[in-house]
file upload.cif (mmCIF, C-alpha atoms)
data_model
#
loop_
_atom_site.group_PDB
_atom_site.id
_atom_site.type_symbol
_atom_site.label_atom_id
_atom_site.label_comp_id
_atom_site.auth_asym_id
_atom_site.auth_seq_id
_atom_site.Cartn_x
_atom_site.Cartn_y
_atom_site.Cartn_z
ATOM 1 C CA MET H 1 17.524 -5.747 10.743
ATOM 2 C CA THR H 2 18.963 -2.782 8.931
ATOM 3 C CA ILE H 3 17.407 0.642 9.127
ATOM 4 C CA GLU H 4 16.229 0.456 5.506
ATOM 5 C CA TRP H 5 13.662 -2.212 6.356
ATOM 6 C CA TYR H 6 12.044 0.002 8.946
ATOM 7 C CA LEU H 7 11.928 2.894 6.502
ATOM 8 C CA VAL H 8 10.289 0.737 3.828
ATOM 9 C CA VAL H 9 7.643 -0.410 6.339
ATOM 10 C CA SER H 10 7.110 3.225 7.297
ATOM 11 C CA ALA H 11 6.692 4.265 3.654
ATOM 12 C CA LEU H 12 4.214 1.441 3.065
ATOM 13 C CA ILE H 13 2.079 2.404 6.075
ATOM 14 C CA PHE H 14 2.162 6.045 4.974
ATOM 15 C CA CYS H 15 0.917 5.145 1.499
ATOM 16 C CA ILE H 16 -1.858 2.929 2.872
ATOM 17 C CA GLY H 17 -2.973 5.841 5.057
ATOM 18 C CA ALA H 18 -2.872 8.239 2.101
ATOM 19 C CA ALA H 19 -4.968 5.870 0.006
ATOM 20 C CA GLY H 20 -7.457 5.646 2.874
ATOM 21 C CA VAL H 21 -7.759 9.421 3.170
ATOM 22 C CA LEU H 22 -8.428 9.624 -0.569
ATOM 23 C CA THR H 23 -10.966 6.815 -0.798
ATOM 24 C CA ARG H 24 -12.990 6.796 2.418
ATOM 25 C CA ARG H 25 -15.826 9.246 3.024
ATOM 26 C CA ASN H 26 -16.622 8.776 6.704
ATOM 27 C CA PRO H 27 -14.733 11.530 8.592
ATOM 28 C CA LEU H 28 -14.096 9.128 11.485
ATOM 29 C CA VAL H 29 -12.231 6.753 9.186
ATOM 30 C CA ILE H 30 -10.401 9.666 7.581
ATOM 31 C CA LEU H 31 -9.148 10.637 11.041
ATOM 32 C CA LEU H 32 -8.026 7.040 11.581
ATOM 33 C CA CYS H 33 -6.119 7.129 8.294
ATOM 34 C CA LEU H 34 -4.472 10.401 9.329
ATOM 35 C CA GLU H 35 -3.354 8.573 12.476
ATOM 36 C CA LEU H 36 -1.822 5.911 10.241
ATOM 37 C CA MET H 37 0.165 8.524 8.329
ATOM 38 C CA LEU H 38 1.368 10.223 11.521
ATOM 39 C CA ASN H 39 2.439 6.855 12.927
ATOM 40 C CA ALA H 40 4.384 6.094 9.775
ATOM 41 C CA GLY H 41 6.222 9.371 10.318
ATOM 42 C CA ASN H 42 6.847 8.368 13.920
ATOM 43 C CA LEU H 43 8.361 5.066 12.820
ATOM 44 C CA ALA H 44 10.717 6.836 10.412
ATOM 45 C CA LEU H 45 11.724 9.339 13.112
ATOM 46 C CA ILE H 46 12.527 6.581 15.578
ATOM 47 C CA ALA H 47 14.401 4.578 12.961
ATOM 48 C CA PHE H 48 16.608 7.594 12.248
ATOM 49 C CA SER H 49 17.009 8.185 15.973
ATOM 50 C CA ARG H 50 18.329 4.620 16.256
ATOM 51 C CA MET H 51 20.548 5.153 13.238
ATOM 52 C CA TRP H 52 22.355 8.109 14.771
ATOM 53 C CA GLY H 53 22.205 6.835 18.329
ATOM 54 C CA ASN H 54 20.619 10.142 19.297
ATOM 55 C CA GLY H 55 17.513 10.716 21.390
ATOM 56 C CA ASP H 56 16.281 13.804 19.544
ATOM 57 C CA GLY H 57 14.175 11.815 17.116
ATOM 58 C CA GLN H 58 12.324 10.133 19.965
ATOM 59 C CA VAL H 59 11.480 13.515 21.495
ATOM 60 C CA PHE H 60 10.203 14.577 18.084
ATOM 61 C CA ALA H 61 8.077 11.414 17.922
ATOM 62 C CA ILE H 62 6.544 12.235 21.307
ATOM 63 C CA VAL H 63 5.718 15.745 20.090
ATOM 64 C CA VAL H 64 4.085 14.214 17.005
ATOM 65 C CA MET H 65 1.983 12.061 19.330
ATOM 66 C CA VAL H 66 0.889 15.180 21.237
ATOM 67 C CA VAL H 67 -0.121 16.915 18.015
ATOM 68 C CA ALA H 68 -1.972 13.792 16.858
ATOM 69 C CA ALA H 69 -3.892 13.660 20.141
ATOM 70 C CA CYS H 70 -4.914 17.327 19.741
ATOM 71 C CA GLU H 71 -6.001 16.706 16.150
ATOM 72 C CA VAL H 72 -8.080 13.703 17.209
ATOM 73 C CA VAL H 73 -9.791 15.629 19.994
ATOM 74 C CA ILE H 74 -10.750 18.539 17.746
ATOM 75 C CA GLY H 75 -11.795 16.269 14.894
ATOM 76 C CA LEU H 76 -13.988 14.099 17.097
ATOM 77 C CA GLY H 77 -15.500 17.235 18.655
ATOM 78 C CA LEU H 78 -16.405 18.473 15.176
ATOM 79 C CA ILE H 79 -17.953 15.105 14.300
ATOM 80 C CA VAL H 80 -20.032 15.111 17.491
ATOM 81 C CA ALA H 81 -21.179 18.681 16.732
ATOM 82 C CA LEU H 82 -22.149 17.614 13.211
ATOM 83 C CA TYR H 83 -24.111 14.681 14.596
ATOM 84 C CA ARG H 84 -25.972 16.919 17.047
ATOM 85 C CA ARG H 85 -27.067 19.215 14.229
ATOM 86 C CA ARG H 86 -28.360 16.199 12.269
ATOM 87 C CA LEU H 87 -25.943 16.855 9.449
ATOM 88 C CA PRO H 88 -24.795 13.918 7.318
ATOM 89 C CA ILE H 89 -21.590 12.285 8.560
ATOM 90 C CA ASP H 90 -20.106 12.169 5.089
ATOM 91 C CA VAL H 91 -17.377 14.411 3.743
ATOM 92 C CA ASP H 92 -18.905 14.416 0.262
ATOM 93 C CA ASP H 93 -22.182 15.859 1.525
ATOM 94 C CA LEU H 94 -20.427 18.510 3.636
ATOM 95 C CA ARG H 95 -19.347 20.676 0.743
ATOM 96 C CA GLU H 96 -20.547 24.115 1.783
ATOM 97 C CA LEU H 97 -16.995 25.415 1.577
ATOM 98 C CA HIS H 98 -16.610 23.871 -1.853
ATOM 99 C CA GLY H 99 -17.517 27.092 -3.649
ATOM 100 C CA MET F 1 15.332 -13.943 16.563
ATOM 101 C CA ALA F 2 15.248 -10.224 15.941
ATOM 102 C CA GLU F 3 14.470 -10.867 12.261
ATOM 103 C CA LEU F 4 11.558 -13.124 13.168
ATOM 104 C CA PHE F 5 10.151 -10.558 15.574
ATOM 105 C CA PHE F 6 10.618 -7.795 13.024
ATOM 106 C CA PHE F 7 8.742 -9.610 10.271
ATOM 107 C CA LEU F 8 5.986 -10.669 12.665
ATOM 108 C CA THR F 9 5.364 -7.142 13.940
ATOM 109 C CA ALA F 10 5.787 -5.524 10.513
ATOM 110 C CA ILE F 11 3.281 -7.880 8.911
ATOM 111 C CA VAL F 12 0.768 -7.303 11.723
ATOM 112 C CA ALA F 13 1.291 -3.533 11.437
ATOM 113 C CA ILE F 14 0.736 -3.493 7.675
ATOM 114 C CA ALA F 15 -2.246 -5.844 7.934
ATOM 115 C CA GLY F 16 -3.749 -3.564 10.597
ATOM 116 C CA ALA F 17 -3.224 -0.545 8.353
ATOM 117 C CA ILE F 18 -4.933 -2.295 5.431
ATOM 118 C CA GLY F 19 -7.746 -3.284 7.779
ATOM 119 C CA VAL F 20 -8.277 0.344 8.825
ATOM 120 C CA VAL F 21 -8.646 1.388 5.194
ATOM 121 C CA ALA F 22 -10.586 -1.601 3.868
ATOM 122 C CA LEU F 23 -13.114 -2.459 6.593
ATOM 123 C CA ARG F 24 -16.560 -0.959 6.039
ATOM 124 C CA ASN F 25 -17.662 -0.686 9.672
ATOM 125 C CA PRO F 26 -15.840 2.153 11.517
ATOM 126 C CA PHE F 27 -15.862 0.122 14.733
ATOM 127 C CA PHE F 28 -13.803 -2.636 13.129
ATOM 128 C CA SER F 29 -11.525 0.031 11.655
ATOM 129 C CA VAL F 30 -10.821 1.300 15.171
ATOM 130 C CA LEU F 31 -10.057 -2.237 16.362
ATOM 131 C CA ALA F 32 -7.711 -2.751 13.395
ATOM 132 C CA LEU F 33 -5.949 0.494 14.305
ATOM 133 C CA VAL F 34 -5.461 -0.787 17.872
ATOM 134 C CA CYS F 35 -3.785 -3.936 16.466
ATOM 135 C CA HIS F 36 -1.657 -1.735 14.206
ATOM 136 C CA LEU F 37 -0.566 0.479 17.110
ATOM 137 C CA LEU F 38 0.372 -2.497 19.288
ATOM 138 C CA ALA F 39 2.475 -3.971 16.470
ATOM 139 C CA LEU F 40 4.082 -0.585 15.895
ATOM 140 C CA ALA F 41 5.007 -0.449 19.586
ATOM 141 C CA GLY F 42 6.791 -3.768 19.030
ATOM 142 C CA LEU F 43 8.757 -2.190 16.185
ATOM 143 C CA PHE F 44 9.647 0.727 18.471
ATOM 144 C CA LEU F 45 10.941 -1.754 21.036
ATOM 145 C CA LEU F 46 13.100 -3.372 18.357
ATOM 146 C CA LEU F 47 14.530 0.091 17.650
ATOM 147 C CA ARG F 48 15.305 0.390 21.378
ATOM 148 C CA ALA F 49 12.860 3.242 21.958
ATOM 149 C CA GLU F 50 11.401 1.840 25.165
ATOM 150 C CA PHE F 51 9.754 4.980 26.479
ATOM 151 C CA VAL F 52 8.085 5.856 23.184
ATOM 152 C CA ALA F 53 6.854 2.271 22.813
ATOM 153 C CA PHE F 54 5.190 2.295 26.207
ATOM 154 C CA ALA F 55 3.783 5.776 25.688
ATOM 155 C CA GLN F 56 2.380 4.525 22.392
ATOM 156 C CA VAL F 57 0.633 1.605 24.063
ATOM 157 C CA ILE F 58 -0.708 3.585 27.010
ATOM 158 C CA VAL F 59 -1.604 6.907 25.395
ATOM 159 C CA TYR F 60 -2.452 5.889 21.842
ATOM 160 C CA ALA F 61 -3.761 2.360 22.020
ATOM 161 C CA GLY F 62 -5.293 3.089 25.404
ATOM 162 C CA ALA F 63 -6.630 6.604 25.777
ATOM 163 C CA VAL F 64 -7.038 7.918 22.235
ATOM 164 C CA MET F 65 -8.596 4.705 20.956
ATOM 165 C CA VAL F 66 -11.080 4.682 23.848
ATOM 166 C CA LEU F 67 -12.106 8.171 22.722
ATOM 167 C CA TYR F 68 -12.611 6.839 19.203
ATOM 168 C CA VAL F 69 -14.684 3.907 20.444
ATOM 169 C CA PHE F 70 -16.892 6.272 22.466
ATOM 170 C CA VAL F 71 -17.525 8.494 19.464
ATOM 171 C CA VAL F 72 -18.214 5.518 17.175
ATOM 172 C CA GLY F 73 -20.661 4.220 19.766
ATOM 173 C CA TYR F 74 -22.309 7.635 20.018
ATOM 174 C CA ILE F 75 -22.616 8.235 16.291
ATOM 175 C CA GLY F 76 -23.509 4.620 15.583
ATOM 176 C CA GLY F 77 -21.176 2.775 13.274
ATOM 177 C CA THR F 78 -22.991 3.009 9.990
ATOM 178 C CA ALA F 79 -21.392 1.366 7.013
ATOM 179 C CA GLU F 80 -20.858 3.625 4.035
ATOM 180 C CA GLN F 81 -23.149 3.153 1.121
ATOM 181 C CA LEU F 82 -21.787 3.312 -2.367
ATOM 182 C CA LYS F 83 -22.733 6.204 -4.596
ATOM 183 C CA ALA F 84 -23.194 6.389 -8.290
ATOM 184 C CA TRP F 85 -20.324 8.670 -9.177
ATOM 185 C CA ASP F 86 -17.904 7.084 -6.723
ATOM 186 C CA GLY F 87 -17.250 4.015 -8.798
ATOM 187 C CA PRO F 88 -14.094 2.002 -9.218
ATOM 188 C CA SER F 89 -12.431 4.786 -11.208
ATOM 189 C CA HIS F 90 -12.147 7.141 -8.242
ATOM 190 C CA ARG F 91 -10.823 4.355 -6.044
ATOM 191 C CA GLY F 92 -8.425 3.245 -8.771
ATOM 192 C CA ILE F 93 -6.972 6.740 -9.120
ATOM 193 C CA ALA F 94 -6.426 6.920 -5.347
ATOM 194 C CA ILE F 95 -4.679 3.533 -5.251
ATOM 195 C CA VAL F 96 -2.482 4.442 -8.228
ATOM 196 C CA PHE F 97 -1.563 7.709 -6.495
ATOM 197 C CA ALA F 98 -0.655 5.882 -3.272
ATOM 198 C CA ALA F 99 1.440 3.354 -5.222
ATOM 199 C CA LEU F 100 3.278 6.190 -6.965
ATOM 200 C CA VAL F 101 4.028 7.835 -3.615
ATOM 201 C CA PHE F 102 5.363 4.508 -2.353
ATOM 202 C CA VAL F 103 7.585 4.088 -5.417
ATOM 203 C CA GLU F 104 8.918 7.604 -4.929
ATOM 204 C CA LEU F 105 9.639 6.992 -1.242
ATOM 205 C CA ALA F 106 11.335 3.669 -2.062
ATOM 206 C CA ILE F 107 13.531 5.421 -4.624
ATOM 207 C CA ALA F 108 14.390 8.052 -2.021
ATOM 208 C CA ILE F 109 15.296 5.377 0.550
ATOM 209 C CA LEU F 110 17.284 3.132 -1.784
ATOM 210 C CA GLY F 111 18.979 5.972 -3.621
ATOM 211 C CA SER F 112 19.992 7.771 -0.447
ATOM 212 C CA SER F 113 23.688 8.383 0.042
ATOM 213 C CA LEU F 114 23.385 7.824 3.785
ATOM 214 C CA LYS F 115 25.851 5.015 4.441
ATOM 215 C CA ALA F 116 24.350 4.267 7.845
ATOM 216 C CA LEU F 117 21.044 3.206 6.288
ATOM 217 C CA GLY F 118 22.442 -0.224 5.484
ATOM 218 C CA THR F 119 23.688 -0.856 9.018
ATOM 219 C CA ASP F 120 21.924 -1.898 12.184
ATOM 220 C CA GLY F 121 22.308 1.606 13.574
ATOM 221 C CA ALA F 122 24.754 3.177 15.948
ATOM 222 C CA ALA F 123 26.349 1.177 18.718
ATOM 223 C CA TYR F 124 23.878 0.650 21.544
ATOM 224 C CA GLU F 125 24.775 2.417 24.716
ATOM 225 C CA PRO F 126 22.935 1.705 27.966
ATOM 226 C CA GLY F 127 20.233 4.247 28.725
ATOM 227 C CA PHE F 128 19.358 4.976 25.094
ATOM 228 C CA GLY F 129 15.639 5.593 24.783
ATOM 229 C CA SER F 130 15.045 5.287 28.506
ATOM 230 C CA PRO F 131 12.680 7.637 30.355
ATOM 231 C CA ALA F 132 15.718 9.252 31.986
ATOM 232 C CA GLN F 133 17.220 10.253 28.648
ATOM 233 C CA ILE F 134 13.921 11.451 27.176
ATOM 234 C CA GLY F 135 13.106 13.421 30.307
ATOM 235 C CA GLU F 136 16.490 15.066 30.369
ATOM 236 C CA LEU F 137 16.170 16.059 26.724
ATOM 237 C CA LEU F 138 12.636 17.368 27.226
ATOM 238 C CA LEU F 139 13.574 19.499 30.201
ATOM 239 C CA THR F 140 16.873 20.879 28.934
ATOM 240 C CA ARG F 141 17.272 21.032 25.190
ATOM 241 C CA PHE F 142 13.601 20.874 24.184
ATOM 242 C CA LEU F 143 12.107 22.859 27.054
ATOM 243 C CA PHE F 144 10.371 25.314 24.721
ATOM 244 C CA VAL F 145 8.855 22.438 22.743
ATOM 245 C CA PHE F 146 7.669 20.877 25.987
ATOM 246 C CA GLU F 147 5.921 24.066 27.091
ATOM 247 C CA ALA F 148 4.441 24.649 23.645
ATOM 248 C CA ALA F 149 3.056 21.096 23.667
ATOM 249 C CA SER F 150 1.404 21.695 27.032
ATOM 250 C CA LEU F 151 -0.175 24.919 25.735
ATOM 251 C CA LEU F 152 -1.366 23.116 22.604
ATOM 252 C CA LEU F 153 -2.987 20.381 24.692
ATOM 253 C CA LEU F 154 -4.761 22.999 26.809
ATOM 254 C CA ILE F 155 -6.082 24.786 23.713
ATOM 255 C CA ALA F 156 -7.242 21.491 22.223
ATOM 256 C CA ALA F 157 -9.068 20.510 25.416
ATOM 257 C CA VAL F 158 -10.856 23.870 25.616
ATOM 258 C CA GLY F 159 -11.680 23.720 21.923
ATOM 259 C CA ALA F 160 -13.146 20.245 22.222
ATOM 260 C CA VAL F 161 -15.341 21.334 25.132
ATOM 261 C CA VAL F 162 -16.565 24.364 23.175
ATOM 262 C CA LEU F 163 -17.231 22.340 20.025
ATOM 263 C CA ALA F 164 -19.018 19.369 21.570
ATOM 264 C CA ARG F 165 -21.058 20.962 24.344
ATOM 265 C CA ARG F 166 -24.777 20.441 24.681
ATOM 266 C CA ARG F 167 -25.989 23.434 22.656
ATOM 267 C CA GLY F 168 -23.829 22.412 19.702
ATOM 268 C CA GLY F 169 -20.698 24.149 18.570
ATOM 269 C CA ILE F 170 -22.291 26.022 15.688
ATOM 270 C CA HIS F 171 -25.339 28.050 16.643
ATOM 271 C CA ASP F 172 -28.346 28.336 14.423
ATOM 272 C CA GLU F 173 -28.996 31.896 15.539
ATOM 273 C CA PRO F 174 -26.470 33.810 17.599
ATOM 274 C CA GLN F 175 -27.659 34.801 21.028
ATOM 275 C CA ARG F 176 -27.952 38.560 21.450
ATOM 276 C CA VAL F 177 -26.786 39.828 24.798
ATOM 277 C CA ALA F 178 -27.050 43.547 25.471
ATOM 278 C CA VAL F 179 -26.211 45.658 28.496
ATOM 279 C CA SER F 180 -29.837 46.838 28.691
ATOM 280 C CA ASP F 181 -30.937 43.247 29.411
ATOM 281 C CA PHE F 182 -29.176 43.474 32.749
ATOM 282 C CA LEU F 183 -29.946 47.124 33.524
ATOM 283 C CA LEU F 184 -33.618 46.932 32.534
ATOM 284 C CA PRO F 185 -35.093 43.493 33.174
ATOM 285 C CA PRO F 186 -38.479 42.861 31.509
ATOM 286 C CA GLY F 187 -41.549 44.148 33.277
ATOM 287 C CA VAL F 188 -40.204 47.320 34.853
ATOM 288 C CA GLY F 189 -42.515 49.646 32.923
ATOM 289 C CA THR F 190 -40.217 51.476 30.598
ATOM 290 C CA MET F 191 -41.302 53.490 27.584
ATOM 291 C CA ALA F 192 -39.948 50.807 25.270
ATOM 292 C CA GLU F 193 -42.230 48.212 26.806
ATOM 293 C CA ALA F 194 -45.229 50.487 26.496
ATOM 294 C CA VAL F 195 -44.548 50.832 22.797
ATOM 295 C CA GLY F 196 -43.143 47.459 21.914
ATOM 296 C CA GLY F 197 -44.315 44.914 24.444
ATOM 297 C CA PRO F 198 -42.487 43.222 27.289
ATOM 298 C CA ASP F 199 -39.679 41.758 25.219
ATOM 299 C CA GLY F 200 -38.650 45.089 23.767
ATOM 300 C CA ARG F 201 -39.452 44.078 20.205
ATOM 301 C CA PRO F 202 -42.083 45.935 18.168
ATOM 302 C CA ASN F 203 -45.452 44.389 18.836
ATOM 303 C CA PRO F 204 -46.978 43.279 15.510
ATOM 304 C CA THR F 205 -50.545 43.708 16.778
ATOM 305 C CA LEU F 206 -49.976 47.288 17.910
ATOM 306 C CA THR F 207 -47.754 48.777 15.230
ATOM 307 C CA PRO F 208 -49.680 49.984 12.220
ATOM 308 C CA ARG F 209 -48.795 48.342 8.939
ATOM 309 C CA ARG F 210 -48.071 50.590 6.043
ATOM 310 C CA GLU F 211 -50.323 48.774 3.578
ATOM 311 C CA GLU F 212 -53.395 48.890 5.765
ATOM 312 C CA PRO F 213 -55.710 51.889 5.583
ATOM 313 C CA ALA F 214 -55.832 54.101 8.641
ATOM 314 C CA GLU F 215 -59.527 53.628 9.473
ATOM 315 C CA LEU F 216 -59.126 49.845 9.693
ATOM 316 C CA GLU F 217 -56.300 50.331 12.144
ATOM 317 C CA GLY F 218 -58.486 52.601 14.244
ATOM 318 C CA GLY F 219 -61.374 50.149 14.102
ATOM 319 C CA GLN F 220 -59.265 47.356 15.504
ATOM 320 C CA ARG F 221 -58.538 49.359 18.562
#
call {"tool": "encode", "arguments": {"input": "upload.cif", "output": "structure tokens"}}
result
Amino acid sequence: MTIEWYLVVSALIFCIGAAGVLTRRNPLVILLCLELMLNAGNLALIAFSRMWGNGDGQVFAIVVMVVAACEVVIGLGLIVALYRRRLPIDVDDLRELHG
Amino acid sequence: MAELFFFLTAIVAIAGAIGVVALRNPFFSVLALVCHLLALAGLFLLLRAEFVAFAQVIVYAGAVMVLYVFVVGYIGGTAEQLKAWDGPSHRGIAIVFAALVFVELAIAILGSSLKALGTDGAAYEPGFGSPAQIGELLLTRFLFVFEAASLLLLIAAVGAVVLARRRGGIHDEPQRVAVSDFLLPPGVGTMAEAVGGPDGRPNPTLTPRREEPAELEGGQR
């Protein structure tokens, strides 16, 4: 398969993730959709790494995985803290910073 | 054979992504994301990124997803209820926006002047994408990135412990800790206790209120 096919799949997954971030209201699912978008970026990075025959893109993908793991840990910690304070687990109700 | 495997994994990956977005129960969303990640690891294998594919399966589909499942089990997977203002219009705008982003990305891919996009990639050389090559790159050319990633992981771990500990990450009232708490423990008979009570705060039964007449205050004593 040519590299273009992988890039089109990556773009499609990215757009599905973006639509999920915009439509869902549960912060857990929003984190999952962010994972989708980061993985789409990973797929594009690895496709380009294969295109050039160079390992740099794969190292970049691993770094993206590290950052995604950190984001997940902090996000889930925030959700657990919200749950302990009996706050609603809904991003539309958590609008104190809305102004 | 490679085409068959590509379409199989790509369709499973896209179906998993749609499942994450469309399923109401967060627990099923997590399971759909696990399917998506496994299919994506298959795509990575097709691109000859062996190490990243296995790291994806072990770290992502294994460890990170277990963390998600624990949190969903702790919170309790409650399905979202629909609200009045969040009708089909809001959802429609989001889907139109995502479709526009996809069209833009497709234009960028198809209109790219990169000649190598239409090929199967560079000639495969043995050792490409192996742990040896990734490790050598990480420890020579990307050493700073490697160290920064380790520091970031440490900060994230400490932050998660601080956020999710038993007392809750965000205090209702901040605890006041003063040096005098250690130097003068309660009950040692200081002047402040004689005036204000054992906790050092003004005693409401002893301090005269400004509104009350003086003789009433004297009568209480």
call {"tool": "interface_residues", "arguments": {"input": "upload.cif", "of": "chain F", "to": "chain H", "cutoff": "6 Å", "atoms": "all atoms listed in the file", "output": "PyMOL selection string"}}
result
chain F and resi 21+91+94-95+98+102+117-122+156+160+163-164+168-169
call {"tool": "atom_distance", "arguments": {"input": "upload.cif", "atom1": "CA of Leu8 (chain F)", "atom2": "CA of Ala99 (chain F)"}}
result
23.2 Å
call {"tool": "atom_distance", "arguments": {"input": "upload.cif", "atom1": "CA of Pro126 (chain F)", "atom2": "CA of Ala13 (chain F)"}}
result
27.7 Å
call {"tool": "atom_distance", "arguments": {"input": "upload.cif", "atom1": "CA of Leu38 (chain H)", "atom2": "CA of Leu37 (chain F)"}}
result
11.4 Å
call {"tool": "residues_near_point", "arguments": {"input": "upload.cif", "point": "(-5.2, 2.1, 20.7)", "cutoff": "10 Å", "atoms": "only C-alpha atoms", "output": "JSON, numbers by chain"}}
result
{"F": [30, 31, 32, 33, 34, 35, 36, 37, 38, 56, 57, 58, 59, 60, 61, 62, 63, 64, 65, 66, 67, 68, 69]}
